[in-house]
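Participant: Okay, here's the structure, questions in a sec.
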Amino acid sequence: MKQSSAALKIRENLMRAVFFTAALASIVAVALICVFLFSQGLPAIFNVGVSEFLGGTRWAPLNSSDPGFGILAFILGSIYVTAGAIILGVPIGIFSALFMARMCPKGLYRFIKPALNLMAGVPSVIYGFFGMVVIVPAIFEAFGKQFDMMSGNTMLAASIILGIMILPTVITIAETNLRAVPQELYEGAVALGASHERAVFKVVLPSARSGVMAAVVLGVGRAIGETMAVQMVAGNQPALRLPWEFLKGIRTMTTNIVIEMGYVEYGSLHNGALIATGVVLFVFILIINTLFSILNRDKQEKRSLLSLRAKRGNPDTKLTKEQ
Amino acid sequence: MVVKMDYIKKQIKRKKTSDWVRFFAMWISVIITVSILLYIVGFILIRGIPHIRPSLFSLTYTTQNQSLFPALVTTIYMVGITLLIAVPFGIFTAIYLVEYASRGSKVVKIIRMTTETLAGIPSIVFGLFGYIFFANWLGWGKSILAGCFTLAIMILPIIMRTTEESLKSIPDAYREGSFSLGAGRLRTVIRVTLPSAMPGVFAGIILSVGRIVGETAALIYTIGSVIKIPESLFSQGRTLALHVLQLAGEGHHRNEAYATAVVLLVVVLSINLLSSFIERKFKNRL
Amino acid sequence: MKFVLSEVNLWYNDFQALQNVSMDIKANEVTAFIGPSGCGKSTLIKSLNRMNDLIEGCKITGFIQLDGEDVYGSMDVNLLRKRVGMVFQKPNPFPMSVYDNIAFGPRTHGIKNKRELDEIVEKSLHDAAIWDEVKDRLKKSALGLSGGQQQRLCIARALSVSPDVLLMDEPTSALDPISTGKIEDLVMELKKNYTVIIVTHNMQQATRISDKTAFFLLGEVIEFGDTDQIFSMPRDKRCEDYITGRFG
C-alpha cells in the first residue's frame, strides 16, 4: 500500500510546475494586452501624426474627402468629468471615511459597511440608467430654460454620476488607511485637551495623508475608465469644451471607443484610431496605477519602519519565532 | 453609566464652533452617501416592480414582448464558462505565490505587478483587447467564447487576490503540523491549507460573479447583442446588463428597462449579500 | 543511541543560533532541554526532524544521525518526519474532525483501508489518554475541544504514524496546571515505547519527567547529563545560577 517516495516526488514536482505555469497567466495576459493594443493602435497614431492625433481637435472619421482624427477633445473630456467627479465625490468620500473610521457607532457601522459594499457592486448600467432617468431630467429642469439647453445630457450629469460611483472606492480605501493610524497619535492629541473632532481632523487625517491620497487616485482611475454610465448621460458630442461649459454635452475617451466601435470595419484607419484612443486611455491608467502603488508603498515602508522600531533589540525577526 | 455621562458632558462643553462644523460635515456626508444608495435602489425597485410580468420570462424575445429570459440564460452561461476558465488559474497562482514561491523572488514580484496592473485596467480596455484578440485575431468572431475569455482575464486578479489573502490568513501552525507528520507540500496544500481557505475563495468567486453579471463595456464588442438563448460557444449573445443598456437606450421600452433593471439589481445585490455573509462566517471561524 | 549529534552549527542568515552542539540521546529516555528564551533549544529540536528547512535563510553544518543514518543526507524528509514525530508549543489541531485529524498521518503514508484506519485512530487516542473523552465525538470538529484536550489530540496525531521519537516543544506552556499534569503523566507513560525529547521552560517539569537534561545558553550546550545530577549539583556556575533562579 505504501506509495514509493519516487512517485511522490514526481507528483510533487509536476504539481509545482502546474502551479507555476498557472501563475504565469497574469503575465501572459498583460503582455498580450500590451502587444495587441499597441500593435493595432500605434500605426494609426503614426499614420495620423502624433501631434495631430493627440493635439487635434477635429474628429471627423467619416468625412471621406478630409477625415479628421484628433482626440484632444476626448482627452480633455475625460479629464473634465473626472475632475468634476473628484470635486463632487472626494470631500463627501473622505468625510464619510473619517466618520466610518473614527465616529461611527458600532450598530450603525454594521449597517453602513454592507451598504457600501452593495454600492460598489451595483453595475454601471444601473448607475447610468438612474442618471438617465433622474439626473439628466433634473438638470434640464433646473437650467434648461435659462441656458437654452437641448437636453440635460451634460458634463455635469456625467460628473455627478461618476462622483457617486467613486464614493465606495474612495471611502473603503481611505477608511482602511485611517484605521491604520496608530491609536497613540489620537490619544496623544486628546490628552493635550483636543476635542475628538479636532484630534481626528488635525492629527489622524494628516497622518494618513498618503493613504487618503491613494484612495483619491484609485477613484480617479475608476472615473477615467468608466464607460457605460458616462455614455448614457454625457451627450457625447465630439466637440472641444472649456471647463466652465459644464452644462454642455461632452465625449470622453472611453465613450468615443464604445459609441463608434459598433459600425467600423476591422482594420480600417477609423478602427485603428479608436484602438489608439484605448492606447492613450491605457497609458493614463498605467500612470495612475503607478502613482497609486507609489503612494501605497510609501505607507507600507512607514509601517514596516514602525514595526522595526517596536522590535528594537531583536534585529532578526526570525528570532521571535525561536524561543 | 454616571462616569460615561460625565465624560459626554465634558466632551460637549469642550466642542467649539469649528468642532461642530467638523461633526456635522462627517454626519452629513455619510447620510448623503447612504441616502444616494437607498434612493437609486429604491427608485429602480419602485419603478420596475410593477412592470415585472410573466411574459418577461417567456422563452423567446420578440419586438412585441421584450422577454429578458434569453438574456438571463446567457448570463448564467457566461458566469459558468468564465469561472471555469478563471478559477483554476486564479487559485493555482495564489497557491504558487503563498505556498511555493520564496518571498521576494523576482518572478513573484513580476506576477504581483502584473496582477495589480490587470486589476486597474478599465473594462473598456479589456473589451477592446477581447475584440482585437479573441474576436478578430483568433477568428472567434463576436461570441460567447470571446466574451468569456475577456471576462476571465478581468476577474483573474479578483480570484487570485482573495485566494491569496485567505491562504495567507491560515496559521503556519497548520502547515507545521502537517509537515511534521511527514506530509509533502502538495498534500499539505490540498488537504490542509486550501480546505481551510475555501470560504475566502468562495467569497472571491461570488464577488467575481457579481462583476460578470454587471459587466457591459467589456462585452458589448466581444459577445455581440443577439438576444437568443445561445446554441453554441460561438453564438452571439446578450447578458442581462447589456439588455438593460439596450432597452434603456431604445427609449420606447422604458417600463421593460425598469423591470429588467430590477432583476439585474436583485441578482447583483443578493450575490453581494451572499459574499459578505460567507466572509463574515469565515472570520468568525478563524 | 537514538540520536547522535556532533559539532552542529546553525545560522539564521547571519545570526548563529547553535554553536558546536554535540550530544548523544538514548532510546526510551526522556531528555529535557532547558535554558532561557532564545538560547537555541527550540532551534535544536526543530533540526532533529528538519522543520528548520521551512525557514528561509537557515543553514546548518555538522552531523545529526538517527539510528546511524545521516538526517541531512540522502534520507527522505517525509519519512524522517514519520519516524520523528513532533508536538508543538500551541496545540495545532487541523480544522477538521477528531477522526480526520488522527487519520491524516496514516493516510499521508498510504493507508486507505477503513478498518486499519479505525484501529490506528483508536489506538493513538488510547495511547494519548484521550480516547474516553472523545470517543463519542470522533466526527465533530477538533477545534471544539479544550486546550488540554487539543494538545493530547496533537500527541495522538503524532503517535498515529508510529514514530520512534517524539519531539515536544514546550507542550504545556499554553495549558493550565491540571492539563499540564495529565500531559506529564502521559510522557512518563510514553517513554516505555518512545524516545522523548522535550523543550521546557519549567524546571520542576524537567525534574519530574526527564532522565537527562541539557542546559542551553546562547546557542551552546553548557551542561548535559543526568537530570538528578544537573539539578542537585550542577558543575557549571551559569547552570547553577539559572536553576536557582538567578536569571532567566
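FYI, nothing fancy with the C-alpha cells labels: chains A, B, ... in order, residues from 1 per chain, ligands from 1 as they appear.
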Near Lys41 of chain C, within 8 Å and counting only C-alpha atoms, which residues show up once chain neighbours fewer than 2 positions away are dropped, as a PyMOL selection string?
Facilitator: (chain A and resi 323) or (chain C and resi 33-35+38-39+43-45+199+216+219)
Participant: Include N, CA and C atoms and write out the residues we just selected as an mmCIF file, in the first residue's frame.
Facilitator:
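Everything below was put into selection.cif:
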```
data_model
loop_
_atom_site.group_PDB
_atom_site.id
_atom_site.type_symbol
_atom_site.label_atom_id
_atom_site.label_comp_id
_atom_site.auth_asym_id
_atom_site.auth_seq_id
_atom_site.Cartn_x
_atom_site.Cartn_y
_atom_site.Cartn_z
ATOM 1 N N GLN A 323 12.206 30.356 20.555
ATOM 2 C CA GLN A 323 12.299 30.652 21.990
ATOM 3 C C GLN A 323 12.534 29.397 22.801
ATOM 4 N N PHE C 33 15.355 19.719 27.364
ATOM 5 C CA PHE C 33 16.203 20.863 27.019
ATOM 6 C C PHE C 33 15.713 22.048 27.824
ATOM 7 N N ILE C 34 16.590 22.646 28.621
ATOM 8 C CA ILE C 34 16.182 23.834 29.366
ATOM 9 C C ILE C 34 17.135 24.985 29.058
ATOM 10 N N GLY C 35 16.716 26.180 29.439
ATOM 11 C CA GLY C 35 17.542 27.356 29.208
ATOM 12 C C GLY C 35 16.660 28.564 28.975
ATOM 13 N N GLY C 38 15.428 32.127 23.707
ATOM 14 C CA GLY C 38 16.383 32.477 22.665
ATOM 15 C C GLY C 38 17.717 31.788 22.802
ATOM 16 N N CYS C 39 17.783 30.696 23.591
ATOM 17 C CA CYS C 39 19.075 30.051 23.804
ATOM 18 C C CYS C 39 19.350 28.964 22.785
ATOM 19 N N THR C 43 15.385 25.638 18.467
ATOM 20 C CA THR C 43 16.071 25.509 17.182
ATOM 21 C C THR C 43 16.641 24.113 17.032
ATOM 22 N N LEU C 44 17.255 23.618 18.112
ATOM 23 C CA LEU C 44 17.872 22.301 18.031
ATOM 24 C C LEU C 44 16.822 21.214 17.818
ATOM 25 N N ILE C 45 15.722 21.322 18.559
ATOM 26 C CA ILE C 45 14.712 20.267 18.454
ATOM 27 C C ILE C 45 14.132 20.245 17.044
ATOM 28 N N VAL C 199 11.316 20.198 25.147
ATOM 29 C CA VAL C 199 11.831 21.520 25.483
ATOM 30 C C VAL C 199 10.910 22.075 26.554
ATOM 31 N N PHE C 216 21.020 24.934 27.941
ATOM 32 C CA PHE C 216 21.484 25.733 26.806
ATOM 33 C C PHE C 216 21.659 27.180 27.210
ATOM 34 N N GLY C 219 22.966 29.493 22.456
ATOM 35 C CA GLY C 219 23.257 28.580 21.351
ATOM 36 C C GLY C 219 24.254 27.489 21.665
#
```
Participant: Give me the residues near segment 136-153 of chain A as a list in words, where near means some atom within 8 Å (using only C-alpha atoms) and where sequence neighbours in that chain fewer than 3 positions away do not count.
Facilitator: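 The residues satisfying every condition are Gly131, Met132, Val133, Ala157, Ala158, Val233, Ala234, Gly235, Leu247, Lys248 and Gly249 of chain A.
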Participant: Any chance you could export the current selection's C-alpha atoms as a tab-separated table (two decimals), in the first residue's frame?
Facilitator:
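Once written, part-v1.tsv looks like this:
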```
chain	number	residue	atom	x	y	z
A	131	GLY	CA	-28.60	59.15	-14.28
A	132	MET	CA	-30.58	58.98	-17.49
A	133	VAL	CA	-33.99	58.96	-15.87
A	157	ALA	CA	-24.58	64.89	-15.33
A	158	ALA	CA	-21.57	62.68	-16.07
A	233	VAL	CA	-25.68	60.68	-19.62
A	234	ALA	CA	-22.91	62.75	-21.21
A	235	GLY	CA	-24.45	63.69	-24.56
A	247	LEU	CA	-23.85	72.43	-19.00
A	248	LYS	CA	-22.95	71.19	-22.47
A	249	GLY	CA	-22.61	67.67	-23.73
```
Participant: Leaving out Thr195 of chain C and any residue of its chain fewer than 2 positions from it, which residues lie within 6 Å of it when counting only C-alpha atoms, given as a PyMOL selection string?
Facilitator: chain C and resi 27-29+165+191
Participant: As number ranges by chain, please: the residues near segment 40-54 of chain B (cut-off 12 Å, only C-alpha atoms, same-chain neighbours under 5 positions excluded).
Facilitator: A: 115, 118-119, 121-123, 125-135, 161, 164-165; B: 33-35, 59, 65-69, 244, 253-266, 268-269
Participant: Write a file of the just-selected residues containing N, CA and C atoms, as a compact mmCIF listing (two decimals), in the first residue's frame.
Facilitator:
```txt
# COMPACT_ATOMS: atom_id res chain seq x y z
N ALA A 115 -23.76 48.33 3.21
CA ALA A 115 -24.37 49.23 2.23
C ALA A 115 -23.31 49.72 1.24
N LEU A 118 -22.47 47.01 -1.15
CA LEU A 118 -23.51 46.92 -2.17
C LEU A 118 -23.30 48.00 -3.22
N MET A 119 -23.01 49.20 -2.73
CA MET A 119 -22.86 50.34 -3.63
C MET A 119 -21.74 50.07 -4.63
N GLY A 121 -20.97 47.22 -5.66
CA GLY A 121 -21.36 46.11 -6.52
C GLY A 121 -22.43 46.45 -7.54
N VAL A 122 -23.10 47.60 -7.37
CA VAL A 122 -24.15 47.98 -8.33
C VAL A 122 -23.52 48.18 -9.71
N PRO A 123 -24.04 47.52 -10.74
CA PRO A 123 -23.43 47.62 -12.07
C PRO A 123 -23.52 49.03 -12.64
N VAL A 125 -24.33 50.03 -15.57
CA VAL A 125 -25.55 50.33 -16.33
C VAL A 125 -26.65 50.88 -15.43
N ILE A 126 -26.72 50.34 -14.21
CA ILE A 126 -27.77 50.81 -13.30
C ILE A 126 -27.51 52.26 -12.94
N TYR A 127 -26.26 52.59 -12.62
CA TYR A 127 -25.95 54.00 -12.35
C TYR A 127 -26.28 54.86 -13.56
N GLY A 128 -25.90 54.36 -14.75
CA GLY A 128 -26.16 55.12 -15.97
C GLY A 128 -27.65 55.32 -16.20
N PHE A 129 -28.38 54.26 -15.99
CA PHE A 129 -29.83 54.30 -16.19
C PHE A 129 -30.46 55.29 -15.21
N PHE A 130 -30.02 55.20 -13.96
CA PHE A 130 -30.52 56.13 -12.96
C PHE A 130 -30.21 57.57 -13.38
N GLY A 131 -28.98 57.81 -13.84
CA GLY A 131 -28.60 59.15 -14.28
C GLY A 131 -29.49 59.61 -15.41
N MET A 132 -29.79 58.70 -16.30
CA MET A 132 -30.58 58.98 -17.49
C MET A 132 -32.01 59.41 -17.14
N VAL A 133 -32.58 58.70 -16.16
CA VAL A 133 -33.99 58.96 -15.87
C VAL A 133 -34.20 59.92 -14.71
N VAL A 134 -33.17 60.20 -13.92
CA VAL A 134 -33.35 61.10 -12.78
C VAL A 134 -32.49 62.36 -12.91
N ILE A 135 -31.19 62.17 -13.07
CA ILE A 135 -30.30 63.32 -13.01
C ILE A 135 -30.38 64.18 -14.27
N ILE A 161 -22.78 61.50 -11.75
CA ILE A 161 -22.86 60.03 -11.71
C ILE A 161 -21.50 59.43 -11.32
N ILE A 164 -20.78 59.84 -7.69
CA ILE A 164 -21.46 58.81 -6.89
C ILE A 164 -20.72 57.48 -7.00
N MET A 165 -20.32 57.15 -8.24
CA MET A 165 -19.73 55.82 -8.45
C MET A 165 -18.38 55.64 -7.76
N THR B 33 -24.20 59.81 1.42
CA THR B 33 -23.76 58.58 0.76
C THR B 33 -24.83 57.49 0.84
N VAL B 34 -25.29 57.26 2.06
CA VAL B 34 -26.25 56.17 2.24
C VAL B 34 -27.57 56.50 1.55
N SER B 35 -28.01 57.78 1.63
CA SER B 35 -29.31 58.06 1.01
C SER B 35 -29.24 57.98 -0.51
N LEU B 59 -39.86 32.25 -23.29
CA LEU B 59 -38.63 31.66 -23.83
C LEU B 59 -37.95 32.52 -24.90
N ASN B 65 -42.70 41.54 -27.34
CA ASN B 65 -42.52 41.13 -25.96
C ASN B 65 -41.03 41.08 -25.64
N GLN B 66 -40.57 42.08 -24.87
CA GLN B 66 -39.14 42.19 -24.60
C GLN B 66 -38.73 41.22 -23.49
N SER B 67 -38.85 39.94 -23.75
CA SER B 67 -38.55 38.95 -22.72
C SER B 67 -37.09 39.05 -22.30
N LEU B 68 -36.86 38.97 -20.99
CA LEU B 68 -35.49 39.03 -20.52
C LEU B 68 -34.91 37.63 -20.31
N PHE B 69 -35.74 36.62 -20.54
CA PHE B 69 -35.32 35.26 -20.23
C PHE B 69 -34.06 34.81 -20.99
N VAL B 244 -30.31 45.58 -20.35
CA VAL B 244 -30.76 46.83 -19.73
C VAL B 244 -30.24 48.01 -20.53
N HIS B 253 -39.00 51.52 -24.65
CA HIS B 253 -39.25 50.34 -23.81
C HIS B 253 -38.85 50.63 -22.36
N ARG B 254 -39.11 51.84 -21.90
CA ARG B 254 -38.69 52.24 -20.56
C ARG B 254 -39.17 51.28 -19.47
N ASN B 255 -40.46 50.91 -19.55
CA ASN B 255 -41.00 50.07 -18.49
C ASN B 255 -40.28 48.73 -18.41
N GLU B 256 -40.02 48.17 -19.59
CA GLU B 256 -39.30 46.90 -19.62
C GLU B 256 -37.88 47.11 -19.10
N ALA B 257 -37.31 48.27 -19.45
CA ALA B 257 -35.96 48.57 -18.97
C ALA B 257 -35.94 48.59 -17.44
N TYR B 258 -36.94 49.26 -16.84
CA TYR B 258 -37.02 49.29 -15.38
C TYR B 258 -37.13 47.89 -14.81
N ALA B 259 -38.03 47.11 -15.41
CA ALA B 259 -38.27 45.76 -14.88
C ALA B 259 -37.00 44.91 -14.97
N THR B 260 -36.32 45.01 -16.14
CA THR B 260 -35.09 44.23 -16.31
C THR B 260 -34.02 44.71 -15.33
N ALA B 261 -33.97 46.04 -15.13
CA ALA B 261 -33.01 46.58 -14.18
C ALA B 261 -33.26 46.03 -12.79
N VAL B 262 -34.54 45.87 -12.43
CA VAL B 262 -34.87 45.30 -11.11
C VAL B 262 -34.29 43.90 -10.99
N VAL B 263 -34.51 43.09 -12.04
CA VAL B 263 -34.00 41.72 -11.99
C VAL B 263 -32.47 41.73 -11.84
N LEU B 264 -31.82 42.56 -12.66
CA LEU B 264 -30.36 42.66 -12.59
C LEU B 264 -29.90 43.08 -11.20
N LEU B 265 -30.56 44.10 -10.67
CA LEU B 265 -30.19 44.64 -9.36
C LEU B 265 -30.36 43.58 -8.27
N VAL B 266 -31.49 42.88 -8.33
CA VAL B 266 -31.76 41.86 -7.31
C VAL B 266 -30.69 40.77 -7.38
N VAL B 268 -27.60 41.02 -8.53
CA VAL B 268 -26.31 41.53 -8.06
C VAL B 268 -26.31 41.75 -6.55
N LEU B 269 -27.39 42.30 -6.03
CA LEU B 269 -27.44 42.56 -4.59
C LEU B 269 -27.42 41.26 -3.80
```
Participant: Could I get the residues of chain C with an atom no further than 7 Å from an atom of chain B, each paired with its nearest atom pair and that distance in Å to one decimal, using only C-alpha atoms, sorted by chain and residue number, as CSV?
Facilitator:
```
residue,atom,partner,partner_atom,distance
C:Asn78,CA,B:Gly182,CA,4.0
C:Leu79,CA,B:Gly182,CA,6.0
C:Arg81,CA,B:Gly182,CA,4.7
C:Lys82,CA,B:Gly182,CA,5.0
C:Gly85,CA,B:Ser180,CA,6.3
C:Met86,CA,B:Ser180,CA,6.0
C:Asn92,CA,B:Ala173,CA,5.8
C:Phe94,CA,B:Tyr174,CA,6.0
C:Pro95,CA,B:Ser196,CA,6.9
C:Gly105,CA,B:Leu181,CA,5.6
C:Thr108,CA,B:Ala183,CA,5.8
C:Ala158,CA,B:Leu181,CA,6.6
```
Participant: Would you put the residues from that selection into a file with C-alpha atoms, as a PDB file, in the first residue's frame?
Facilitator:
```
ATOM      1  CA  ASN C  78       8.914  12.980   4.786  1.00  0.00           C
ATOM      2  CA  LEU C  79       9.986   9.552   6.021  1.00  0.00           C
ATOM      3  CA  ARG C  81       9.317  13.143   9.912  1.00  0.00           C
ATOM      4  CA  LYS C  82       7.272   9.964  10.044  1.00  0.00           C
ATOM      5  CA  GLY C  85       7.006  12.962  15.478  1.00  0.00           C
ATOM      6  CA  MET C  86       6.521  16.455  16.857  1.00  0.00           C
ATOM      7  CA  ASN C  92      -2.485  22.930  16.425  1.00  0.00           C
ATOM      8  CA  PHE C  94      -6.341  20.834  11.882  1.00  0.00           C
ATOM      9  CA  PRO C  95      -9.745  22.394  11.297  1.00  0.00           C
ATOM     10  CA  GLY C 105      -0.889  10.971   9.148  1.00  0.00           C
ATOM     11  CA  THR C 108      -0.418  10.558   4.155  1.00  0.00           C
ATOM     12  CA  ALA C 158       1.908  12.456  16.259  1.00  0.00           C
TER      13      ALA C 158
END
```
Participant: Which residue, B:Thr150, B:Thr82, B:Gln236, B:Thr114, has the smallest gap to Ala218 of chain B when you use only C-alpha atoms?
Facilitator: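 Checking each of B:Thr150, B:Thr82, B:Gln236, B:Thr114 against Ala218 of chain B, counting only C-alpha atoms, the winner is B:Thr150.
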Participant: Tell me, as a VMD selection string, which residues lie within 8 Å of Pro106 of chain C, counting only C-alpha atoms; anything in the same chain fewer than 4 positions away does not count.
Facilitator: chain C and resid 102 110 to 111 117 160 to 161
Participant: Provide the atom CA of Leu167 of chain C to atom CA of Met23 of chain C distance in Å, to one decimal place.
Facilitator: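 Atom CA of Met23 of chain C lies at a distance of 15.7 Å from atom CA of Leu167 of chain C.
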